[in-house]
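J.: Supplied structure: target.txt, compact mmCIF, N, CA and C atoms and all ligand atoms.
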```
# COMPACT_ATOMS: atom_id res chain seq x y z
N MET A 1 -1.80 14.09 -17.06
CA MET A 1 -1.88 13.80 -15.63
C MET A 1 -0.79 14.55 -14.87
N LYS A 2 0.26 14.96 -15.58
CA LYS A 2 1.32 15.71 -14.90
C LYS A 2 0.99 17.19 -14.92
N MET A 3 0.79 17.75 -13.76
CA MET A 3 0.45 19.18 -13.74
C MET A 3 1.16 19.86 -12.59
N GLY A 4 2.44 20.00 -12.76
CA GLY A 4 3.23 20.67 -11.74
C GLY A 4 3.09 20.00 -10.40
N LEU A 5 3.23 18.70 -10.41
CA LEU A 5 2.99 17.92 -9.21
C LEU A 5 3.86 18.35 -8.03
N ASN A 6 5.08 18.64 -8.31
CA ASN A 6 5.98 18.96 -7.21
C ASN A 6 5.50 20.18 -6.42
N ALA A 7 5.08 21.18 -7.17
CA ALA A 7 4.60 22.38 -6.49
C ALA A 7 3.25 22.11 -5.84
N ALA A 8 2.37 21.45 -6.59
CA ALA A 8 1.01 21.24 -6.11
C ALA A 8 0.96 20.27 -4.94
N ALA A 9 1.92 19.36 -4.91
CA ALA A 9 1.87 18.31 -3.91
C ALA A 9 2.81 18.59 -2.73
N GLY A 10 3.11 19.83 -2.52
CA GLY A 10 4.02 20.17 -1.43
C GLY A 10 3.55 19.61 -0.10
N GLY A 11 4.46 18.98 0.61
CA GLY A 11 4.10 18.47 1.93
C GLY A 11 3.49 17.08 1.91
N LEU A 12 3.20 16.57 0.74
CA LEU A 12 2.64 15.23 0.67
C LEU A 12 3.77 14.21 0.70
N PRO A 13 3.44 13.01 1.11
CA PRO A 13 4.47 11.97 1.14
C PRO A 13 5.04 11.72 -0.25
N THR A 14 6.33 11.58 -0.32
CA THR A 14 6.95 11.40 -1.62
C THR A 14 7.07 9.93 -1.99
N GLY A 15 7.15 9.07 -1.01
CA GLY A 15 7.29 7.65 -1.32
C GLY A 15 8.67 7.35 -1.86
N GLY A 16 9.05 6.13 -1.79
CA GLY A 16 10.35 5.74 -2.35
C GLY A 16 10.07 4.65 -3.33
N GLY A 17 10.37 3.44 -2.98
CA GLY A 17 9.96 2.31 -3.79
C GLY A 17 10.76 2.14 -5.05
N ARG A 18 10.28 1.21 -5.84
CA ARG A 18 11.07 0.78 -6.98
C ARG A 18 10.90 1.64 -8.22
N LEU A 19 9.73 2.19 -8.40
CA LEU A 19 9.52 3.01 -9.59
C LEU A 19 9.77 4.46 -9.20
N ASP A 20 11.01 4.77 -8.91
CA ASP A 20 11.29 6.04 -8.27
C ASP A 20 11.41 7.21 -9.24
N SER A 21 11.70 6.93 -10.50
CA SER A 21 11.91 8.05 -11.41
C SER A 21 10.91 8.01 -12.55
N ALA A 22 10.64 9.19 -13.09
CA ALA A 22 9.71 9.33 -14.21
C ALA A 22 8.37 8.70 -13.89
N GLY A 23 7.66 8.25 -14.91
CA GLY A 23 6.37 7.63 -14.68
C GLY A 23 5.32 8.62 -14.23
N ILE A 24 4.18 8.07 -13.83
CA ILE A 24 3.04 8.89 -13.44
C ILE A 24 2.87 8.80 -11.94
N ASP A 25 2.58 9.92 -11.36
CA ASP A 25 2.44 10.02 -9.92
C ASP A 25 0.96 10.23 -9.58
N TYR A 26 0.44 9.45 -8.66
CA TYR A 26 -1.00 9.52 -8.35
C TYR A 26 -1.29 10.16 -7.00
N ARG A 27 -0.34 10.95 -6.52
CA ARG A 27 -0.53 11.52 -5.20
C ARG A 27 -1.76 12.42 -5.09
N LEU A 28 -2.02 13.16 -6.16
CA LEU A 28 -3.17 14.07 -6.11
C LEU A 28 -4.48 13.29 -6.06
N ALA A 29 -4.54 12.22 -6.83
CA ALA A 29 -5.74 11.38 -6.82
C ALA A 29 -5.92 10.75 -5.44
N ARG A 30 -4.80 10.36 -4.85
CA ARG A 30 -4.83 9.77 -3.52
C ARG A 30 -5.36 10.77 -2.50
N GLU A 31 -4.85 12.00 -2.58
CA GLU A 31 -5.32 13.03 -1.66
C GLU A 31 -6.81 13.30 -1.84
N ALA A 32 -7.26 13.27 -3.10
CA ALA A 32 -8.67 13.51 -3.37
C ALA A 32 -9.53 12.41 -2.76
N THR A 33 -9.04 11.17 -2.86
CA THR A 33 -9.76 10.03 -2.27
C THR A 33 -9.85 10.18 -0.76
N LEU A 34 -8.71 10.56 -0.16
CA LEU A 34 -8.69 10.71 1.30
C LEU A 34 -9.58 11.86 1.75
N ARG A 35 -9.60 12.92 0.95
CA ARG A 35 -10.43 14.07 1.29
C ARG A 35 -11.90 13.67 1.23
N ALA A 36 -12.26 12.92 0.20
CA ALA A 36 -13.65 12.46 0.05
C ALA A 36 -14.05 11.60 1.25
N TRP A 37 -13.09 10.80 1.70
CA TRP A 37 -13.39 9.94 2.85
C TRP A 37 -13.56 10.78 4.13
N ARG A 38 -12.67 11.75 4.31
CA ARG A 38 -12.78 12.61 5.49
C ARG A 38 -14.06 13.42 5.49
N ASP A 39 -14.47 13.82 4.29
CA ASP A 39 -15.70 14.62 4.17
C ASP A 39 -16.96 13.77 4.26
N GLY A 40 -16.77 12.46 4.28
CA GLY A 40 -17.93 11.58 4.38
C GLY A 40 -18.59 11.27 3.05
N ASP A 41 -17.92 11.65 1.95
CA ASP A 41 -18.47 11.36 0.63
C ASP A 41 -18.21 9.92 0.20
N THR A 42 -17.26 9.28 0.84
CA THR A 42 -16.90 7.91 0.50
C THR A 42 -16.86 7.11 1.79
N SER A 43 -17.36 5.88 1.71
CA SER A 43 -17.38 5.07 2.92
C SER A 43 -16.03 4.38 3.13
N ARG A 44 -15.79 3.97 4.35
CA ARG A 44 -14.56 3.27 4.66
C ARG A 44 -14.47 1.96 3.87
N GLU A 45 -15.61 1.32 3.66
CA GLU A 45 -15.62 0.08 2.88
C GLU A 45 -15.12 0.31 1.46
N GLU A 46 -15.43 1.49 0.93
CA GLU A 46 -15.02 1.77 -0.44
C GLU A 46 -13.53 2.05 -0.55
N VAL A 47 -12.95 2.69 0.43
CA VAL A 47 -11.52 2.99 0.33
C VAL A 47 -10.66 1.85 0.89
N CYS A 48 -11.27 0.99 1.69
CA CYS A 48 -10.52 -0.13 2.27
C CYS A 48 -10.97 -1.44 1.63
N ASP A 49 -10.84 -1.50 0.31
CA ASP A 49 -11.38 -2.64 -0.42
C ASP A 49 -10.30 -3.56 -0.99
N ALA A 50 -9.15 -3.61 -0.34
CA ALA A 50 -8.07 -4.47 -0.84
C ALA A 50 -8.54 -5.91 -0.95
N GLN A 51 -8.31 -6.50 -2.11
CA GLN A 51 -8.67 -7.90 -2.32
C GLN A 51 -7.74 -8.79 -1.51
N ARG A 52 -8.19 -10.01 -1.32
CA ARG A 52 -7.41 -10.98 -0.55
C ARG A 52 -6.01 -11.15 -1.13
N GLU A 53 -5.96 -11.24 -2.46
CA GLU A 53 -4.69 -11.42 -3.16
C GLU A 53 -3.73 -10.24 -2.89
N LEU A 54 -4.28 -9.05 -2.96
CA LEU A 54 -3.46 -7.86 -2.72
C LEU A 54 -2.96 -7.82 -1.28
N ARG A 55 -3.83 -8.17 -0.36
CA ARG A 55 -3.41 -8.20 1.05
C ARG A 55 -2.30 -9.22 1.28
N ARG A 56 -2.47 -10.36 0.61
CA ARG A 56 -1.46 -11.40 0.79
C ARG A 56 -0.12 -10.95 0.20
N ASN A 57 -0.18 -10.35 -0.99
CA ASN A 57 1.04 -9.83 -1.58
C ASN A 57 1.66 -8.75 -0.71
N ALA A 58 0.82 -7.93 -0.12
CA ALA A 58 1.32 -6.86 0.74
C ALA A 58 2.06 -7.46 1.94
N GLU A 59 1.52 -8.55 2.44
CA GLU A 59 2.11 -9.18 3.60
C GLU A 59 3.45 -9.85 3.27
N PHE A 60 3.49 -10.49 2.09
CA PHE A 60 4.67 -11.29 1.78
C PHE A 60 5.70 -10.59 0.90
N CYS A 61 5.27 -9.67 0.04
CA CYS A 61 6.30 -8.99 -0.74
C CYS A 61 6.16 -7.49 -0.72
N GLY A 62 5.46 -6.97 0.26
CA GLY A 62 5.38 -5.53 0.40
C GLY A 62 6.61 -4.98 1.10
N GLU A 63 6.91 -3.74 0.76
CA GLU A 63 8.02 -3.08 1.43
C GLU A 63 7.44 -2.08 2.41
N PRO A 64 7.87 -2.15 3.65
CA PRO A 64 7.31 -1.24 4.65
C PRO A 64 7.65 0.22 4.32
N LEU A 65 6.67 1.07 4.46
CA LEU A 65 6.89 2.50 4.32
C LEU A 65 6.96 3.06 5.72
N ASP A 66 7.59 4.18 5.85
CA ASP A 66 7.71 4.76 7.17
C ASP A 66 6.53 5.69 7.45
N ARG A 67 5.33 5.22 7.12
CA ARG A 67 4.14 6.06 7.25
C ARG A 67 2.99 5.24 7.78
N MET A 68 2.18 5.87 8.60
CA MET A 68 1.01 5.19 9.11
C MET A 68 -0.10 5.23 8.08
N CYS A 69 -0.99 4.27 8.18
CA CYS A 69 -2.17 4.22 7.32
C CYS A 69 -3.03 5.47 7.59
N PRO A 70 -3.44 6.16 6.53
CA PRO A 70 -4.23 7.38 6.71
C PRO A 70 -5.66 7.10 7.17
N ILE A 71 -6.09 5.86 7.07
CA ILE A 71 -7.47 5.53 7.43
C ILE A 71 -7.59 5.04 8.87
N CYS A 72 -6.89 3.95 9.18
CA CYS A 72 -7.02 3.41 10.54
C CYS A 72 -6.00 4.03 11.50
N GLU A 73 -4.92 4.56 10.95
CA GLU A 73 -3.87 5.21 11.74
C GLU A 73 -3.32 4.30 12.84
N GLU A 74 -3.38 3.00 12.57
CA GLU A 74 -2.89 2.05 13.57
C GLU A 74 -1.83 1.12 13.02
N HIS A 75 -1.64 1.18 11.71
CA HIS A 75 -0.77 0.21 11.09
C HIS A 75 0.09 0.91 10.05
N GLU A 76 1.36 0.48 9.91
CA GLU A 76 2.21 1.08 8.90
C GLU A 76 1.86 0.56 7.51
N LEU A 77 1.98 1.44 6.53
CA LEU A 77 1.69 1.07 5.15
C LEU A 77 2.84 0.28 4.55
N VAL A 78 2.52 -0.54 3.57
CA VAL A 78 3.54 -1.18 2.76
C VAL A 78 3.25 -0.86 1.30
N GLU A 79 4.29 -0.95 0.49
CA GLU A 79 4.13 -0.76 -0.94
C GLU A 79 4.36 -2.07 -1.67
N VAL A 80 3.48 -2.35 -2.63
CA VAL A 80 3.63 -3.54 -3.45
C VAL A 80 3.86 -3.07 -4.89
N THR A 81 4.87 -3.64 -5.53
CA THR A 81 5.16 -3.30 -6.92
C THR A 81 4.70 -4.43 -7.83
N TYR A 82 3.81 -4.10 -8.76
CA TYR A 82 3.29 -5.07 -9.72
C TYR A 82 3.80 -4.74 -11.10
N VAL A 83 4.05 -5.78 -11.89
CA VAL A 83 4.38 -5.56 -13.28
C VAL A 83 3.48 -6.43 -14.14
N PHE A 84 2.89 -5.80 -15.16
CA PHE A 84 2.04 -6.50 -16.12
C PHE A 84 2.68 -6.39 -17.50
N GLY A 85 2.67 -7.47 -18.23
CA GLY A 85 3.23 -7.40 -19.57
C GLY A 85 3.39 -8.76 -20.18
N PRO A 86 3.99 -8.79 -21.38
CA PRO A 86 4.19 -10.06 -22.06
C PRO A 86 5.07 -10.99 -21.23
N ARG A 87 4.78 -12.25 -21.28
CA ARG A 87 5.52 -13.28 -20.57
C ARG A 87 5.45 -13.13 -19.05
N LEU A 88 4.45 -12.40 -18.59
CA LEU A 88 4.22 -12.29 -17.15
C LEU A 88 2.82 -12.82 -16.86
N PRO A 89 2.58 -13.27 -15.65
CA PRO A 89 1.25 -13.82 -15.33
C PRO A 89 0.15 -12.80 -15.60
N LYS A 90 -1.04 -13.29 -15.93
CA LYS A 90 -2.17 -12.42 -16.25
C LYS A 90 -2.50 -11.44 -15.14
N HIS A 91 -2.38 -11.90 -13.92
CA HIS A 91 -2.71 -11.05 -12.78
C HIS A 91 -1.51 -10.21 -12.33
N GLY A 92 -0.45 -10.23 -13.17
CA GLY A 92 0.71 -9.42 -12.85
C GLY A 92 1.70 -10.15 -11.97
N ARG A 93 2.89 -9.65 -11.95
CA ARG A 93 3.89 -10.24 -11.06
C ARG A 93 4.24 -9.24 -9.98
N CYS A 94 4.38 -9.78 -8.80
CA CYS A 94 4.75 -8.99 -7.66
C CYS A 94 6.28 -8.94 -7.62
N VAL A 95 6.85 -7.79 -7.87
CA VAL A 95 8.31 -7.68 -7.96
C VAL A 95 8.89 -7.26 -6.61
N THR A 96 9.92 -7.99 -6.22
CA THR A 96 10.47 -7.69 -4.89
C THR A 96 11.92 -7.24 -4.92
N SER A 97 12.53 -7.19 -6.09
CA SER A 97 13.91 -6.73 -6.10
C SER A 97 14.18 -5.79 -7.28
N ASP A 98 15.10 -4.88 -7.08
CA ASP A 98 15.48 -3.95 -8.14
C ASP A 98 16.06 -4.70 -9.33
N LYS A 99 16.73 -5.81 -9.01
CA LYS A 99 17.35 -6.61 -10.06
C LYS A 99 16.30 -7.16 -11.01
N GLU A 100 15.25 -7.70 -10.44
CA GLU A 100 14.19 -8.26 -11.25
C GLU A 100 13.52 -7.17 -12.09
N LEU A 101 13.30 -6.02 -11.47
CA LEU A 101 12.68 -4.91 -12.18
C LEU A 101 13.56 -4.44 -13.34
N ALA A 102 14.84 -4.39 -13.10
CA ALA A 102 15.79 -3.97 -14.14
C ALA A 102 15.77 -4.96 -15.30
N ARG A 103 15.61 -6.23 -14.97
CA ARG A 103 15.59 -7.27 -16.00
C ARG A 103 14.35 -7.10 -16.89
N ILE A 104 13.22 -6.81 -16.26
CA ILE A 104 11.98 -6.59 -17.03
C ILE A 104 12.11 -5.32 -17.87
N ASP A 105 12.76 -4.31 -17.30
CA ASP A 105 12.94 -3.04 -17.99
C ASP A 105 13.84 -3.20 -19.21
N ALA A 106 14.70 -4.21 -19.18
CA ALA A 106 15.66 -4.42 -20.27
C ALA A 106 15.04 -5.19 -21.43
N ARG A 107 13.83 -5.70 -21.23
CA ARG A 107 13.20 -6.49 -22.28
C ARG A 107 12.73 -5.64 -23.45
N GLN A 108 12.54 -6.35 -24.58
CA GLN A 108 12.04 -5.67 -25.77
C GLN A 108 10.57 -5.32 -25.62
N GLY A 109 9.83 -6.27 -25.06
CA GLY A 109 8.39 -6.06 -24.90
C GLY A 109 8.10 -5.01 -23.83
N GLU A 110 7.03 -4.27 -24.05
CA GLU A 110 6.66 -3.24 -23.09
C GLU A 110 5.87 -3.83 -21.93
N SER A 111 6.24 -3.46 -20.74
CA SER A 111 5.49 -3.85 -19.56
C SER A 111 5.08 -2.59 -18.82
N GLN A 112 4.12 -2.76 -17.92
CA GLN A 112 3.68 -1.63 -17.14
C GLN A 112 3.86 -1.96 -15.66
N GLY A 113 4.54 -1.08 -14.97
CA GLY A 113 4.76 -1.29 -13.54
C GLY A 113 3.82 -0.40 -12.72
N TYR A 114 3.31 -0.95 -11.63
CA TYR A 114 2.43 -0.21 -10.75
C TYR A 114 2.88 -0.36 -9.31
N VAL A 115 2.88 0.73 -8.58
CA VAL A 115 3.16 0.65 -7.16
C VAL A 115 1.88 1.00 -6.41
N VAL A 116 1.49 0.10 -5.51
CA VAL A 116 0.27 0.29 -4.75
C VAL A 116 0.61 0.32 -3.26
N GLU A 117 0.08 1.28 -2.55
CA GLU A 117 0.28 1.27 -1.11
C GLU A 117 -0.91 0.59 -0.46
N VAL A 118 -0.60 -0.23 0.54
CA VAL A 118 -1.63 -1.06 1.16
C VAL A 118 -1.48 -1.06 2.67
N CYS A 119 -2.60 -1.06 3.36
CA CYS A 119 -2.61 -1.30 4.80
C CYS A 119 -3.20 -2.70 4.99
N VAL A 120 -2.39 -3.62 5.50
CA VAL A 120 -2.89 -4.99 5.65
C VAL A 120 -3.88 -5.10 6.80
N GLU A 121 -3.93 -4.08 7.62
CA GLU A 121 -4.83 -4.10 8.77
C GLU A 121 -6.28 -3.81 8.36
N CYS A 122 -6.46 -2.66 7.70
CA CYS A 122 -7.85 -2.25 7.38
C CYS A 122 -8.19 -2.44 5.90
N GLY A 123 -7.18 -2.66 5.06
CA GLY A 123 -7.48 -2.89 3.65
C GLY A 123 -7.41 -1.65 2.76
N TRP A 124 -7.01 -0.53 3.35
CA TRP A 124 -6.80 0.68 2.53
C TRP A 124 -5.77 0.36 1.45
N ASN A 125 -6.05 0.81 0.22
CA ASN A 125 -5.10 0.63 -0.86
C ASN A 125 -5.29 1.72 -1.89
N HIS A 126 -4.19 2.17 -2.46
CA HIS A 126 -4.26 3.18 -3.50
C HIS A 126 -3.04 3.11 -4.39
N LEU A 127 -3.28 3.31 -5.67
CA LEU A 127 -2.18 3.37 -6.63
C LEU A 127 -1.31 4.60 -6.32
N THR A 128 -0.01 4.37 -6.27
CA THR A 128 0.89 5.47 -5.96
C THR A 128 1.61 5.98 -7.22
N ARG A 129 2.16 5.04 -7.97
CA ARG A 129 2.89 5.42 -9.17
C ARG A 129 2.74 4.33 -10.24
N SER A 130 2.91 4.74 -11.48
CA SER A 130 2.99 3.75 -12.53
C SER A 130 4.04 4.20 -13.53
N LYS A 131 4.60 3.23 -14.23
CA LYS A 131 5.68 3.55 -15.13
C LYS A 131 5.78 2.48 -16.21
N GLN A 132 6.06 2.92 -17.41
CA GLN A 132 6.25 1.97 -18.49
C GLN A 132 7.67 1.41 -18.41
N LEU A 133 7.77 0.12 -18.60
CA LEU A 133 9.07 -0.55 -18.55
C LEU A 133 9.34 -1.23 -19.87
N GLY A 134 10.58 -1.37 -20.19
CA GLY A 134 10.95 -2.10 -21.40
C GLY A 134 10.58 -1.37 -22.67
N GLY A 135 10.60 -2.10 -23.75
CA GLY A 135 10.25 -1.52 -25.02
C GLY A 135 11.33 -0.64 -25.62
N GLY A 136 12.46 -0.61 -24.92
CA GLY A 136 13.55 0.24 -25.39
C GLY A 136 14.43 -0.54 -26.28
ZN ZN B 201 -5.22 0.90 7.84
```
Please re-express this file's structure in structure tokens.
Ligand SMILES: [Zn+2]

T.:
Amino acid sequence: MKMGLNAAAGGLPTGGGRLDSAGIDYRLAREATLRAWRDGDTSREEVCDAQRELRRNAEFCGEPLDRMCPICEEHELVEVTYVFGPRLPKHGRCVTSDKELARIDARQGESQGYVVEVCVECGWNHLTRSKQLGGG
């Protein structure tokens, strides 16, 4: 999945968030989704399909990004960080602090962290980054 992302993704939003180093970057997939939507190959309902749970998490534990939603262009995006793994809820845990993330990363068991950008207004959502945590 890594294919010279830095060069290929020039000019695209870099994002900040909690999973800032290493891991997998989904910016190209995101751009492809947005392109398909602009070209009319994908409906707005398909790209704005955030579940109720995700929207709620976005509202209560999302971190505001300094970027407008690419779909409705009326609302700022937020990022939600999820972690899935042993001793965590089945539907994942919504992580809101670096401290908590560091604690999960320090565990023996492997967990997987995901950062999703969400627009709580129209429901646009896309995976931004993922990273393996723990297991070290
Ligand atoms: Zn939106």

J.: Work out how far atom CA of Glu79 of chain A is from atom CA of Ala58 of chain A, in Å to one decimal.

T.: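 Interatomic distance, atom CA of Ala58 of chain A to atom CA of Glu79 of chain A: 6.9 Å.
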
J.: For atom N of Gly113 of chain A and atom N of Val47 of chain A, determine how far apart the two atoms are, in Å to one decimal place.

T.: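 Distance between the two atoms: 23.6 Å.
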
J.: Which residues form the shell of 8 Å around ligand ZN 201 (chain B) when you count all atoms listed in the file, given as a list in words?

T.: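 What falls inside 8 Å of ligand ZN 201 (chain B) is Cys48, Met68, Cys69, Pro70, Ile71, Cys72, Glu73, Glu74, His75, Glu76, Leu77, Val118, Cys119, Val120, Glu121, Cys122, Gly123, Trp124 and Asn125 of chain A.
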
J.: So which residues touch Cys61 of chain A within 7 Å, counting all atoms listed in the file, skipping near sequence neighbours fewer than 4 positions away, as JSON, numbers by chain?

T.: {"A": [56, 57, 79, 80, 81, 94, 95, 96]}

J.: Mind the document's chain letters and residue numbers, and return as a compact mmCIF listing (two decimals) with N, CA and C atoms, in the frame of the given file the residues of chain A that DSSP labels strand (DSSP E or B).

T.:
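For reference, part26.txt as written:
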```txt
# COMPACT_ATOMS: atom_id res chain seq x y z
N ILE A 24 4.18 8.07 -13.83
CA ILE A 24 3.04 8.89 -13.44
C ILE A 24 2.87 8.80 -11.94
N ASP A 25 2.58 9.92 -11.36
CA ASP A 25 2.44 10.02 -9.92
C ASP A 25 0.96 10.23 -9.58
N GLU A 63 6.91 -3.74 0.76
CA GLU A 63 8.02 -3.08 1.43
C GLU A 63 7.44 -2.08 2.41
N PRO A 64 7.87 -2.15 3.65
CA PRO A 64 7.31 -1.24 4.65
C PRO A 64 7.65 0.22 4.32
N LEU A 65 6.67 1.07 4.46
CA LEU A 65 6.89 2.50 4.32
C LEU A 65 6.96 3.06 5.72
N ASP A 66 7.59 4.18 5.85
CA ASP A 66 7.71 4.76 7.17
C ASP A 66 6.53 5.69 7.45
N ARG A 67 5.33 5.22 7.12
CA ARG A 67 4.14 6.06 7.25
C ARG A 67 2.99 5.24 7.78
N MET A 68 2.18 5.87 8.60
CA MET A 68 1.01 5.19 9.11
C MET A 68 -0.10 5.23 8.08
N GLU A 76 1.36 0.48 9.91
CA GLU A 76 2.21 1.08 8.90
C GLU A 76 1.86 0.56 7.51
N LEU A 77 1.98 1.44 6.53
CA LEU A 77 1.69 1.07 5.15
C LEU A 77 2.84 0.28 4.55
N VAL A 78 2.52 -0.54 3.57
CA VAL A 78 3.54 -1.18 2.76
C VAL A 78 3.25 -0.86 1.30
N GLU A 79 4.29 -0.95 0.49
CA GLU A 79 4.13 -0.76 -0.94
C GLU A 79 4.36 -2.07 -1.67
N VAL A 80 3.48 -2.35 -2.63
CA VAL A 80 3.63 -3.54 -3.45
C VAL A 80 3.86 -3.07 -4.89
N THR A 81 4.87 -3.64 -5.53
CA THR A 81 5.16 -3.30 -6.92
C THR A 81 4.70 -4.43 -7.83
N TYR A 82 3.81 -4.10 -8.76
CA TYR A 82 3.29 -5.07 -9.72
C TYR A 82 3.80 -4.74 -11.10
N VAL A 83 4.05 -5.78 -11.89
CA VAL A 83 4.38 -5.56 -13.28
C VAL A 83 3.48 -6.43 -14.14
N PHE A 84 2.89 -5.80 -15.16
CA PHE A 84 2.04 -6.50 -16.12
C PHE A 84 2.68 -6.39 -17.50
N ARG A 93 2.89 -9.65 -11.95
CA ARG A 93 3.89 -10.24 -11.06
C ARG A 93 4.24 -9.24 -9.98
N CYS A 94 4.38 -9.78 -8.80
CA CYS A 94 4.75 -8.99 -7.66
C CYS A 94 6.28 -8.94 -7.62
N VAL A 95 6.85 -7.79 -7.87
CA VAL A 95 8.31 -7.68 -7.96
C VAL A 95 8.89 -7.26 -6.61
N GLU A 110 7.03 -4.27 -24.05
CA GLU A 110 6.66 -3.24 -23.09
C GLU A 110 5.87 -3.83 -21.93
N SER A 111 6.24 -3.46 -20.74
CA SER A 111 5.49 -3.85 -19.56
C SER A 111 5.08 -2.59 -18.82
N GLN A 112 4.12 -2.76 -17.92
CA GLN A 112 3.68 -1.63 -17.14
C GLN A 112 3.86 -1.96 -15.66
N GLY A 113 4.54 -1.08 -14.97
CA GLY A 113 4.76 -1.29 -13.54
C GLY A 113 3.82 -0.40 -12.72
N TYR A 114 3.31 -0.95 -11.63
CA TYR A 114 2.43 -0.21 -10.75
C TYR A 114 2.88 -0.36 -9.31
N VAL A 115 2.88 0.73 -8.58
CA VAL A 115 3.16 0.65 -7.16
C VAL A 115 1.88 1.00 -6.41
N VAL A 116 1.49 0.10 -5.51
CA VAL A 116 0.27 0.29 -4.75
C VAL A 116 0.61 0.32 -3.26
N GLU A 117 0.08 1.28 -2.55
CA GLU A 117 0.28 1.27 -1.11
C GLU A 117 -0.91 0.59 -0.46
N VAL A 118 -0.60 -0.23 0.54
CA VAL A 118 -1.63 -1.06 1.16
C VAL A 118 -1.48 -1.06 2.67
N ASN A 125 -6.05 0.81 0.22
CA ASN A 125 -5.10 0.63 -0.86
C ASN A 125 -5.29 1.72 -1.89
N HIS A 126 -4.19 2.17 -2.46
CA HIS A 126 -4.26 3.18 -3.50
C HIS A 126 -3.04 3.11 -4.39
N LEU A 127 -3.28 3.31 -5.67
CA LEU A 127 -2.18 3.37 -6.63
C LEU A 127 -1.31 4.60 -6.32
N THR A 128 -0.01 4.37 -6.27
CA THR A 128 0.89 5.47 -5.96
C THR A 128 1.61 5.98 -7.22
N ARG A 129 2.16 5.04 -7.97
CA ARG A 129 2.89 5.42 -9.17
C ARG A 129 2.74 4.33 -10.24
N SER A 130 2.91 4.74 -11.48
CA SER A 130 2.99 3.75 -12.53
C SER A 130 4.04 4.20 -13.53
N LYS A 131 4.60 3.23 -14.23
CA LYS A 131 5.68 3.55 -15.13
C LYS A 131 5.78 2.48 -16.21
N GLN A 132 6.06 2.92 -17.41
CA GLN A 132 6.25 1.97 -18.49
C GLN A 132 7.67 1.41 -18.41
N LEU A 133 7.77 0.12 -18.60
CA LEU A 133 9.07 -0.55 -18.55
C LEU A 133 9.34 -1.23 -19.87
N GLY A 134 10.58 -1.37 -20.19
CA GLY A 134 10.95 -2.10 -21.40
C GLY A 134 10.58 -1.37 -22.67
```

J.: One decimal, in Å: what's the spacing between atom C of Trp37 of chain A and atom C of Val115 of chain A?

T.: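 Between atom C of Trp37 of chain A and atom C of Val115 of chain A the gap is 21.1 Å.
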
J.: Looking at only C-alpha atoms, which of A:Val78, A:Gln132, A:Ala50, A:Leu101 is the one that sits closest to Glu63 of chain A?

T.: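 For Glu63 of chain A, the nearest of the candidates is A:Val78.
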
J.: Using DSSP assignments from the backbone, pull out every residue in segment 14-90 of chain A that falls under helix (DSSP H, G or I) and give it to me as a count of residues only.

T.: 26

J.: When you look at Tyr114 of chain A with a cut-off of 8 Å (counting only C-alpha atoms), what residues show up, excluding the ones that are within fewer than 5 positions of it in the same chain? I need them as a list in words.

T.: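 My reading of the contact set: Leu19, Thr81, Tyr82, Val83, Leu127, Thr128, Arg129, Ser130 and Lys131 of chain A.
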
J.: Store the residues of this selection in a file with N, CA and C atoms, as a CSV table (one decimal), keeping the file's coordinate frame.

T.:
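Contents of the output file again-v3.csv:
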```csv
chain,number,residue,atom,x,y,z
A,19,LEU,N,9.7,2.2,-8.4
A,19,LEU,CA,9.5,3.0,-9.6
A,19,LEU,C,9.8,4.5,-9.2
A,81,THR,N,4.9,-3.6,-5.5
A,81,THR,CA,5.2,-3.3,-6.9
A,81,THR,C,4.7,-4.4,-7.8
A,82,TYR,N,3.8,-4.1,-8.8
A,82,TYR,CA,3.3,-5.1,-9.7
A,82,TYR,C,3.8,-4.7,-11.1
A,83,VAL,N,4.0,-5.8,-11.9
A,83,VAL,CA,4.4,-5.6,-13.3
A,83,VAL,C,3.5,-6.4,-14.1
A,127,LEU,N,-3.3,3.3,-5.7
A,127,LEU,CA,-2.2,3.4,-6.6
A,127,LEU,C,-1.3,4.6,-6.3
A,128,THR,N,0.0,4.4,-6.3
A,128,THR,CA,0.9,5.5,-6.0
A,128,THR,C,1.6,6.0,-7.2
A,129,ARG,N,2.2,5.0,-8.0
A,129,ARG,CA,2.9,5.4,-9.2
A,129,ARG,C,2.7,4.3,-10.2
A,130,SER,N,2.9,4.7,-11.5
A,130,SER,CA,3.0,3.8,-12.5
A,130,SER,C,4.0,4.2,-13.5
A,131,LYS,N,4.6,3.2,-14.2
A,131,LYS,CA,5.7,3.6,-15.1
A,131,LYS,C,5.8,2.5,-16.2
```
